[in-house]
Every structure is written in C-alpha cells, then in structure tokens.
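What follows is a set of notes on a single structure, which appears directly below.
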Amino acid sequence: MRIVCVAGARPNFMKIKPVVDALDARGADTMLVHTGQHFDAAMSDVFFDELGLRPPDRHLGAGSGTHGEQTARVLVGVETLLAEEPADIVVVVGDVNSTVAASLAAAKAGCLVAHVEAGLRSRDWTMPEEVNRVVTDRLSDYLFSPSADAVENLRAEGYRDDQIHLVGNVMIDTLLANVERARRRPTLGALGVEEGAYGLITLHRPANVDDPAMLRTLTDVLGEIAKDLPLVFPVHPRTRARLAEMALAPGITLTDPMGYLDFIALEASAKVVLTDSGGVQEETSALGVACITLRENTERPVTVELGTNVVVGRDPQRIRDEARRAINDGPKPSQEIPGWDGHAGDRIADVLLRGGGPEGHVRPTDR
C-alpha cells in the first residue's frame, strides 16, 4: 500500500511531520509531496530544517497567485503525480488551497483520501479556509478529528461513524516534541525581551490586514496595549507592505517571519498572545499562555472551552479590556484537552495501516 502525504504551506509542515514520522516508523511505503504553495526560505525551507522533516520526494512548484490560480496549479500537479505514481491513500492536512486541490485530484484518481484536522468549522463563509475545510471533508474517506467538537460537526453533517476518527491534535505532537529545544534558543535575548514581560502579535487574515481602515484600528489599539507591555510582531509577508504606510507605536517591535523554533520560544514565554491564527490558539492553550483572538469566531472552540483562548472580535474596547485582564491576571484557568498528548500521528498511522478503508468506498477500478 502506497501512501502519499501532501503539504504545501507553512502551517501544513508542522501537521504532516508527525504523520510522516509515524508511517515511516511502521515501514509504510510513503511519499512526501511539497506543493510549493509557500516557497521561500522563511515560509518553507526553515521548517524542514528545524523540524527534521525529511526532504520531499516531489516538489510541485505551485507558487503564489489568486485562490483559483493556486488551487488549479496544485490540482494539475497532484493529478499528474498520481498518474505517474499511483497511490492507495492520499493524506492531506489543514485547510489551505493545497489541501482542497490535492483532495480533489486524489478523489478523481480513485484514491482513498484522508483529511487530518477534519470537522473544524467556523461557519464563516467569508473565510477561504472554511470553504476548503468543508469541501475537503466531503471528498474524504478518512476523517481525522483533533477534538470532540469536530467529531460532532461531522456527525451533524451526516458522515458515517466508520469514517470519523478522534485522534487528537498533530500540531500539539510537533509542539511537545520541540518546545524545550525552542526554549533553549537565544530568541528572547536577541529581541531584548524577558520571559513573561512582553506580548506577541500575529496577524494575517484578509479581514484584518487587507482593509487599511481595519488594520489601522487594530494597530492603534495594539499601540495602546504596548504602552503597558512591549509587543513583538513577526510580520507575515502579506501584512508587511500595508504596515509600511502606517506609523506604529514605539512599543511594537516588528520582525521578519520567524522559523518554527524561534516563534515557539517567543510564544511559550509571552505574557499574552494577540492573534488571528487558528494554530496559535491551539499552541497557546497547550502552553498555558493567555490568548486573545482578534476574530469574530473560531473553528477551534475547544481552545475557548478548555484552553486559554478568548475570542474578542475586532472591537477596540473589548481588545483593550481583555488585554488588560490578561496582563494583570494571566491566562484563564485551563484544562487538559483530550488527545493533545503528542501521539496523534501514531493514532493516524495505525488507522491508515489497518487497510481496507472505510465501509462503502468503491474505487473506480473496482466498479
């Protein structure tokens, strides 16, 4: 049985690593494919180097472009690959354009499709990621969910129990395997900050950074918070050009995009993290760090219910109030999240290698 694992963008690499490692440890015939959705050193190469993720067997070179252009290039690339290298199962992770494109190509090629991080729902159709999640789940045979709420979403949408597997969170596998190594790096000293005496910012969602008025609103309130707590802001490439036109408060330190280990070092020692990233909501909950999500919704409600996350939207007063509370009181009490234990990749590999696939799947060649 050949298993093709597909990744293409920065958040994918942390998610595919535990799966590839677990399959390799069990002697599976595994091919790793990099679609090239993220292609520069800061957004791609550094993650392979720091995580010890083995070099991809194939690199499709999809590159950037509009959603349609990028999705189409990955679709054609994976379709061509599967014609040359037939596979039994194609594993996709997360919710980026590479995820939905690879799952569509695999389904049309008659492969079993396995979606890692299945069932997450924000119910916000303005988010391209929500479209990608829902379509990928519909195309998938194996639905690997990180939390109980994701399982309930899938059951409510009519998926069969034999398709759904509550396996835990692969992002947390990678976090737990690397956090102590990250803490030993000189990251904080290089930035002139001390443990527990700064905040961390990440912003990249189009709703936050593409509208100049909204970005100005957010940077203004972040500037107010920076008067009480210095803030470090690793700037996503899509945000850099827009910030260049704005004068930021002196308490906000901008940096280039960071590698995984440096970012985890900053995240683990921050007093509070202000973010619009889904993965950061998960990581902060596992690390016990206060997280303020600058969105109106989250596809990861378990981080609010059991973790340290608070969703405040984009209202400046709510952001200020929650930041003040986090600075004064620290993170809200959290609980252990089931399955976030460092072994999600192992559970996924065990399911895939049982063979046969879920009930009811008929390959085109078997019809």
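Labels for the structure tokens follow display order: chains A, B, ..., residues from 1 in each chain, ligands from 1.
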All alpha helix (DSSP H) positions in stretch 95-257 of chain A, as number ranges by chain:
A: 97-108, 128-139, 148-156, 170-183, 187-191, 206-209, 212-226, 237-243
List every residue of stretch 241-322 of chain A that has an atom at most 7 Å from any atom of stretch 334-347 of chain A, and for each one report the closest atom pair and its distance in Å to one decimal, counting only C-alpha atoms, with rows sorted by chain and then by increasing residue number, as a Markdown table.
| residue | atom | partner | partner_atom | distance |
| --- | --- | --- | --- | --- |
| A:Leu306 | CA | A:Gln335 | CA | 5.1 |
| A:Gly307 | CA | A:Ser334 | CA | 4.7 |
| A:Thr308 | CA | A:Ser334 | CA | 5.7 |
Got time to write the residues from that selection, N, CA and C atoms, as a PDB file, in the first residue's frame?
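Listed below is the output, part35.pdb:
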ATOM      1  N   LEU A 306     -11.890  24.764  26.954  1.00  0.00           N
ATOM      2  CA  LEU A 306     -10.949  24.077  27.837  1.00  0.00           C
ATOM      3  C   LEU A 306      -9.579  24.738  27.902  1.00  0.00           C
ATOM      4  N   GLY A 307      -9.283  25.604  26.957  1.00  0.00           N
ATOM      5  CA  GLY A 307      -7.957  26.204  26.886  1.00  0.00           C
ATOM      6  C   GLY A 307      -7.909  27.621  27.428  1.00  0.00           C
ATOM      7  N   THR A 308      -6.941  28.380  26.936  1.00  0.00           N
ATOM      8  CA  THR A 308      -6.681  29.730  27.455  1.00  0.00           C
ATOM      9  C   THR A 308      -7.155  30.831  26.520  1.00  0.00           C
TER      10      THR A 308
END
Which residues of stretch 54-129 of chain A sit at most 12 Å from stretch 203-209 of chain A, using only C-alpha atoms? Give each one's shortest atom pair and distance in Å (one decimal place), in chain and ascending residue order, as CSV.
residue,atom,partner,partner_atom,distance
A:Asp124,CA,A:Ala207,CA,11.5
A:Thr126,CA,A:Ala207,CA,8.7
A:Met127,CA,A:Pro206,CA,8.4
A:Pro128,CA,A:Pro206,CA,9.6
A:Glu129,CA,A:Arg205,CA,10.2
Convert the current residue selection to file output with C-alpha atoms, as an mmCIF file, in the first residue's frame.
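For reference, again_2.cif as written:
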data_model
loop_
_atom_site.group_PDB
_atom_site.id
_atom_site.type_symbol
_atom_site.label_atom_id
_atom_site.label_comp_id
_atom_site.auth_asym_id
_atom_site.auth_seq_id
_atom_site.Cartn_x
_atom_site.Cartn_y
_atom_site.Cartn_z
ATOM 1 C CA ASP A 124 -17.845 31.939 8.472
ATOM 2 C CA THR A 126 -16.065 34.748 4.127
ATOM 3 C CA MET A 127 -13.007 32.699 5.163
ATOM 4 C CA PRO A 128 -11.452 30.795 2.243
ATOM 5 C CA GLU A 129 -10.252 28.234 4.778
#
Pick the closest to A:Asp49 from A:Val20, A:Leu261, A:Ala268, A:Thr80: which is it, counting only C-alpha atoms?
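The answer is A:Leu261, which sits nearest to A:Asp49.
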Residue set, stretch 38-162 of chain A restricted to strand (DSSP E), as a PyMOL selection string
chain A and resi 58-59+89-93+112-116+142-145
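Distances to A:Leu243 were evaluated for A:Ala213, A:Val302, A:Leu112, A:Val6 using only C-alpha atoms, and the minimum falls at A:Ala213.
With distances restricted to only C-alpha atoms, A:Ile348 is the closest residue to A:His165 from A:Val134, A:Ile348, A:Leu353, A:Ala83.
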Residue contacts of A:His59 (7 Å, only C-alpha atoms) excluding same-chain residues fewer than 2 positions away, as a PyMOL selection string:
chain A and resi 33-36+56-57+61
Proximity to A:Thr174 - best of A:Pro55, A:Gly279, A:Gly330, A:Gly288, only C-alpha atoms
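Nearest candidate to A:Thr174 out of A:Pro55, A:Gly279, A:Gly330, A:Gly288: A:Gly279.
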For A:Ala265, find every residue with an atom within 6 Å (counting only C-alpha atoms), except residues of its own chain fewer than 2 positions away, and show them as a list in words.
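Within the cut-off, the hits are Ala182, Arg183, Asp262, Phe263, Glu267 and Ala268 of chain A.
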Keeping all heavy atoms for every residue in the selection just given, could you write it to a file as a compact mmCIF listing (two decimals), in the first residue's frame?
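Output below, filename result08.txt:
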# COMPACT_ATOMS: atom_id res chain seq x y z
N ALA A 182 13.16 24.70 21.75
CA ALA A 182 12.90 26.10 21.42
C ALA A 182 13.26 27.02 22.59
O ALA A 182 13.84 28.09 22.39
CB ALA A 182 11.44 26.28 21.03
N ARG A 183 12.91 26.61 23.79
CA ARG A 183 13.18 27.45 24.97
C ARG A 183 14.67 27.70 25.16
O ARG A 183 15.07 28.71 25.76
CB ARG A 183 12.60 26.80 26.22
CG ARG A 183 11.07 26.81 26.32
CD ARG A 183 10.64 26.19 27.63
NE ARG A 183 9.22 25.98 27.76
CZ ARG A 183 8.35 26.91 28.18
NH1 ARG A 183 8.79 28.12 28.49
NH2 ARG A 183 7.07 26.61 28.28
N ASP A 262 12.07 29.58 16.82
CA ASP A 262 12.11 30.93 17.38
C ASP A 262 10.70 31.40 17.73
O ASP A 262 10.49 32.05 18.76
CB ASP A 262 12.76 31.90 16.40
CG ASP A 262 14.27 31.78 16.38
OD1 ASP A 262 14.85 31.35 17.40
OD2 ASP A 262 14.88 32.11 15.35
N PHE A 263 9.73 31.08 16.88
CA PHE A 263 8.36 31.51 17.18
C PHE A 263 7.84 30.81 18.42
O PHE A 263 7.22 31.45 19.28
CB PHE A 263 7.43 31.25 15.99
CG PHE A 263 6.04 31.75 16.25
CD1 PHE A 263 5.74 33.09 16.09
CD2 PHE A 263 5.04 30.89 16.69
CE1 PHE A 263 4.46 33.57 16.36
CE2 PHE A 263 3.77 31.36 16.96
CZ PHE A 263 3.48 32.70 16.80
N GLU A 267 6.43 32.43 21.80
CA GLU A 267 5.06 32.11 22.20
C GLU A 267 5.02 31.53 23.62
O GLU A 267 4.17 31.91 24.45
CB GLU A 267 4.47 31.12 21.20
CG GLU A 267 2.99 30.86 21.34
CD GLU A 267 2.51 29.91 20.25
OE1 GLU A 267 3.25 28.96 19.88
OE2 GLU A 267 1.39 30.11 19.77
N ALA A 268 5.94 30.63 23.91
CA ALA A 268 5.93 29.94 25.20
C ALA A 268 6.24 30.87 26.37
O ALA A 268 5.81 30.60 27.50
CB ALA A 268 6.94 28.79 25.17
Would you mind listing what lies within 12 Å of stretch 169-172 of chain A as a PyMOL selection string, with only C-alpha atoms counted and same-chain residues fewer than 4 positions away left out?
chain A and resi 10-22+93-94+115-118+120+144-148+150+165+176-179+260+264+278-287+300+302-303+337-349
Any chance you can output those residues with C-alpha atoms as a PDB file, in the first residue's frame?
ATOM      1  CA  ARG A  10       3.726  26.926   6.497  1.00  0.00           C
ATOM      2  CA  PRO A  11       1.056  25.504   8.856  1.00  0.00           C
ATOM      3  CA  ASN A  12       0.988  22.215   6.900  1.00  0.00           C
ATOM      4  CA  PHE A  13       4.566  21.275   7.693  1.00  0.00           C
ATOM      5  CA  MET A  14       4.006  21.079  11.450  1.00  0.00           C
ATOM      6  CA  LYS A  15       0.891  18.954  10.841  1.00  0.00           C
ATOM      7  CA  ILE A  16       2.337  16.486   8.341  1.00  0.00           C
ATOM      8  CA  LYS A  17       5.564  15.808  10.271  1.00  0.00           C
ATOM      9  CA  PRO A  18       4.040  13.547  12.990  1.00  0.00           C
ATOM     10  CA  VAL A  19       2.079  11.597  10.379  1.00  0.00           C
ATOM     11  CA  VAL A  20       5.085  11.014   8.108  1.00  0.00           C
ATOM     12  CA  ASP A  21       7.260  10.050  11.072  1.00  0.00           C
ATOM     13  CA  ALA A  22       4.688   7.566  12.372  1.00  0.00           C
ATOM     14  CA  VAL A  93      -3.696  18.289   6.275  1.00  0.00           C
ATOM     15  CA  GLY A  94      -5.319  21.528   7.388  1.00  0.00           C
ATOM     16  CA  HIS A 115      -8.073  14.545   5.959  1.00  0.00           C
ATOM     17  CA  VAL A 116      -6.061  15.367   9.059  1.00  0.00           C
ATOM     18  CA  GLU A 117      -7.867  18.096  11.054  1.00  0.00           C
ATOM     19  CA  ALA A 118     -11.308  17.177   9.773  1.00  0.00           C
ATOM     20  CA  LEU A 120     -13.310  22.087  12.225  1.00  0.00           C
ATOM     21  CA  PHE A 144      -9.182  12.501  11.431  1.00  0.00           C
ATOM     22  CA  SER A 145     -10.524  14.968  14.005  1.00  0.00           C
ATOM     23  CA  PRO A 146      -8.496  16.843  16.628  1.00  0.00           C
ATOM     24  CA  SER A 147     -11.275  17.357  19.178  1.00  0.00           C
ATOM     25  CA  ALA A 148     -14.746  16.196  20.208  1.00  0.00           C
ATOM     26  CA  ALA A 150     -15.066  18.489  15.357  1.00  0.00           C
ATOM     27  CA  HIS A 165     -11.656   9.070  13.998  1.00  0.00           C
ATOM     28  CA  LEU A 176       5.548  18.966  22.532  1.00  0.00           C
ATOM     29  CA  ALA A 177       8.433  17.409  20.627  1.00  0.00           C
ATOM     30  CA  ASN A 178      10.153  20.778  20.157  1.00  0.00           C
ATOM     31  CA  VAL A 179       9.180  23.201  22.922  1.00  0.00           C
ATOM     32  CA  TYR A 260       9.249  27.432  13.971  1.00  0.00           C
ATOM     33  CA  ILE A 264       7.609  28.783  19.724  1.00  0.00           C
ATOM     34  CA  GLY A 278      -6.067  29.031  14.407  1.00  0.00           C
ATOM     35  CA  GLY A 279      -2.847  27.166  15.113  1.00  0.00           C
ATOM     36  CA  VAL A 280      -1.698  29.770  17.620  1.00  0.00           C
ATOM     37  CA  GLN A 281      -4.981  29.368  19.510  1.00  0.00           C
ATOM     38  CA  GLU A 282      -4.139  25.680  19.866  1.00  0.00           C
ATOM     39  CA  GLU A 283      -0.494  26.147  20.801  1.00  0.00           C
ATOM     40  CA  THR A 284      -1.159  28.764  23.467  1.00  0.00           C
ATOM     41  CA  SER A 285      -3.809  26.540  25.047  1.00  0.00           C
ATOM     42  CA  ALA A 286      -1.305  23.678  25.226  1.00  0.00           C
ATOM     43  CA  LEU A 287       1.381  26.008  26.614  1.00  0.00           C
ATOM     44  CA  ARG A 300     -11.390  25.726  17.424  1.00  0.00           C
ATOM     45  CA  VAL A 302     -12.206  23.707  22.420  1.00  0.00           C
ATOM     46  CA  THR A 303      -9.485  26.326  22.961  1.00  0.00           C
ATOM     47  CA  ILE A 337      -7.614  18.710  26.242  1.00  0.00           C
ATOM     48  CA  PRO A 338      -8.178  15.016  25.426  1.00  0.00           C
ATOM     49  CA  GLY A 339      -5.872  13.653  22.744  1.00  0.00           C
ATOM     50  CA  TRP A 340      -3.495  16.619  22.801  1.00  0.00           C
ATOM     51  CA  ASP A 341      -0.778  14.367  24.182  1.00  0.00           C
ATOM     52  CA  GLY A 342       1.862  14.060  21.475  1.00  0.00           C
ATOM     53  CA  HIS A 343       0.581  10.812  19.940  1.00  0.00           C
ATOM     54  CA  ALA A 344      -1.969  11.909  17.320  1.00  0.00           C
ATOM     55  CA  GLY A 345       0.383  10.954  14.485  1.00  0.00           C
ATOM     56  CA  ASP A 346       0.699   7.440  15.874  1.00  0.00           C
ATOM     57  CA  ARG A 347      -3.062   7.018  16.064  1.00  0.00           C
ATOM     58  CA  ILE A 348      -3.469   8.234  12.466  1.00  0.00           C
ATOM     59  CA  ALA A 349      -0.824   5.825  11.170  1.00  0.00           C
TER      60      ALA A 349
END
One decimal, in Å: what's the spacing between atom CA of A:Val100 and atom CA of A:Gly259?
25.3 Å
Determine, counting only C-alpha atoms, which protein, DNA and RNA residues have an atom within 10 Å of an atom of A:Ser122; residues of the same chain fewer than 6 positions away are not included. Present the result as a PyMOL selection string.
chain A and resi 129-130+133+296-301
Please produce a file of those selected residues containing all heavy atoms, as a tab-separated table (two decimals), in the first residue's frame.
chain	number	residue	atom	x	y	z
A	129	GLU	N	-10.58	29.48	4.08
A	129	GLU	CA	-10.25	28.23	4.78
A	129	GLU	C	-11.50	27.42	5.10
A	129	GLU	O	-11.45	26.18	5.10
A	129	GLU	CB	-9.47	28.52	6.06
A	129	GLU	CG	-8.11	29.15	5.85
A	129	GLU	CD	-8.17	30.67	5.77
A	129	GLU	OE1	-9.29	31.23	5.73
A	129	GLU	OE2	-7.09	31.30	5.75
A	130	GLU	N	-12.62	28.09	5.40
A	130	GLU	CA	-13.84	27.36	5.72
A	130	GLU	C	-14.35	26.61	4.49
A	130	GLU	O	-14.78	25.46	4.59
A	130	GLU	CB	-14.91	28.33	6.23
A	130	GLU	CG	-16.20	27.65	6.66
A	130	GLU	CD	-16.11	26.91	7.99
A	130	GLU	OE1	-14.99	26.81	8.55
A	130	GLU	OE2	-17.15	26.41	8.46
A	133	ARG	N	-12.09	23.58	4.07
A	133	ARG	CA	-12.35	22.52	5.06
A	133	ARG	C	-13.56	21.68	4.67
A	133	ARG	O	-13.53	20.45	4.71
A	133	ARG	CB	-12.63	23.14	6.43
A	133	ARG	CG	-11.48	23.80	7.11
A	133	ARG	CD	-11.94	24.35	8.47
A	133	ARG	NE	-11.03	25.39	8.88
A	133	ARG	CZ	-11.36	26.67	9.04
A	133	ARG	NH1	-12.60	27.07	8.87
A	133	ARG	NH2	-10.45	27.54	9.41
A	296	GLU	N	-14.13	37.28	14.89
A	296	GLU	CA	-15.49	37.20	15.42
A	296	GLU	C	-15.90	35.77	15.73
A	296	GLU	O	-16.96	35.55	16.32
A	296	GLU	CB	-16.47	37.79	14.39
A	296	GLU	CG	-16.22	39.24	14.02
A	296	GLU	CD	-16.35	40.19	15.20
A	296	GLU	OE1	-17.08	39.85	16.16
A	296	GLU	OE2	-15.72	41.26	15.17
A	297	ASN	N	-15.08	34.79	15.34
A	297	ASN	CA	-15.44	33.39	15.52
A	297	ASN	C	-14.17	32.57	15.59
A	297	ASN	O	-13.07	33.07	15.31
A	297	ASN	CB	-16.33	32.92	14.37
A	297	ASN	CG	-15.73	33.29	13.01
A	297	ASN	OD1	-14.64	32.84	12.66
A	297	ASN	ND2	-16.43	34.13	12.26
A	298	THR	N	-14.32	31.30	15.92
A	298	THR	CA	-13.18	30.38	15.86
A	298	THR	C	-13.67	29.01	15.44
A	298	THR	O	-14.77	28.58	15.82
A	298	THR	CB	-12.46	30.29	17.22
A	298	THR	OG1	-11.37	29.35	17.09
A	298	THR	CG2	-13.38	29.82	18.34
A	299	GLU	N	-12.86	28.33	14.64
A	299	GLU	CA	-13.15	26.95	14.27
A	299	GLU	C	-12.57	25.99	15.31
A	299	GLU	O	-12.68	24.78	15.15
A	299	GLU	CB	-12.59	26.63	12.88
A	299	GLU	CG	-11.09	26.70	12.75
A	299	GLU	CD	-10.56	28.12	12.63
A	299	GLU	OE1	-11.36	29.08	12.59
A	299	GLU	OE2	-9.33	28.27	12.58
A	300	ARG	N	-11.99	26.53	16.37
A	300	ARG	CA	-11.39	25.73	17.42
A	300	ARG	C	-12.00	26.09	18.79
A	300	ARG	O	-11.32	26.59	19.68
A	300	ARG	CB	-9.88	25.93	17.43
A	300	ARG	CG	-9.20	25.37	16.16
A	300	ARG	CD	-7.83	25.93	15.97
A	300	ARG	NE	-7.07	25.24	14.94
A	300	ARG	CZ	-7.10	25.56	13.64
A	300	ARG	NH1	-7.87	26.55	13.21
A	300	ARG	NH2	-6.36	24.88	12.77
A	301	PRO	N	-13.30	25.86	18.96
A	301	PRO	CA	-13.96	26.26	20.21
A	301	PRO	C	-13.41	25.55	21.44
A	301	PRO	O	-13.57	26.05	22.56
A	301	PRO	CB	-15.43	25.91	19.97
A	301	PRO	CG	-15.42	24.88	18.89
A	301	PRO	CD	-14.26	25.24	18.02
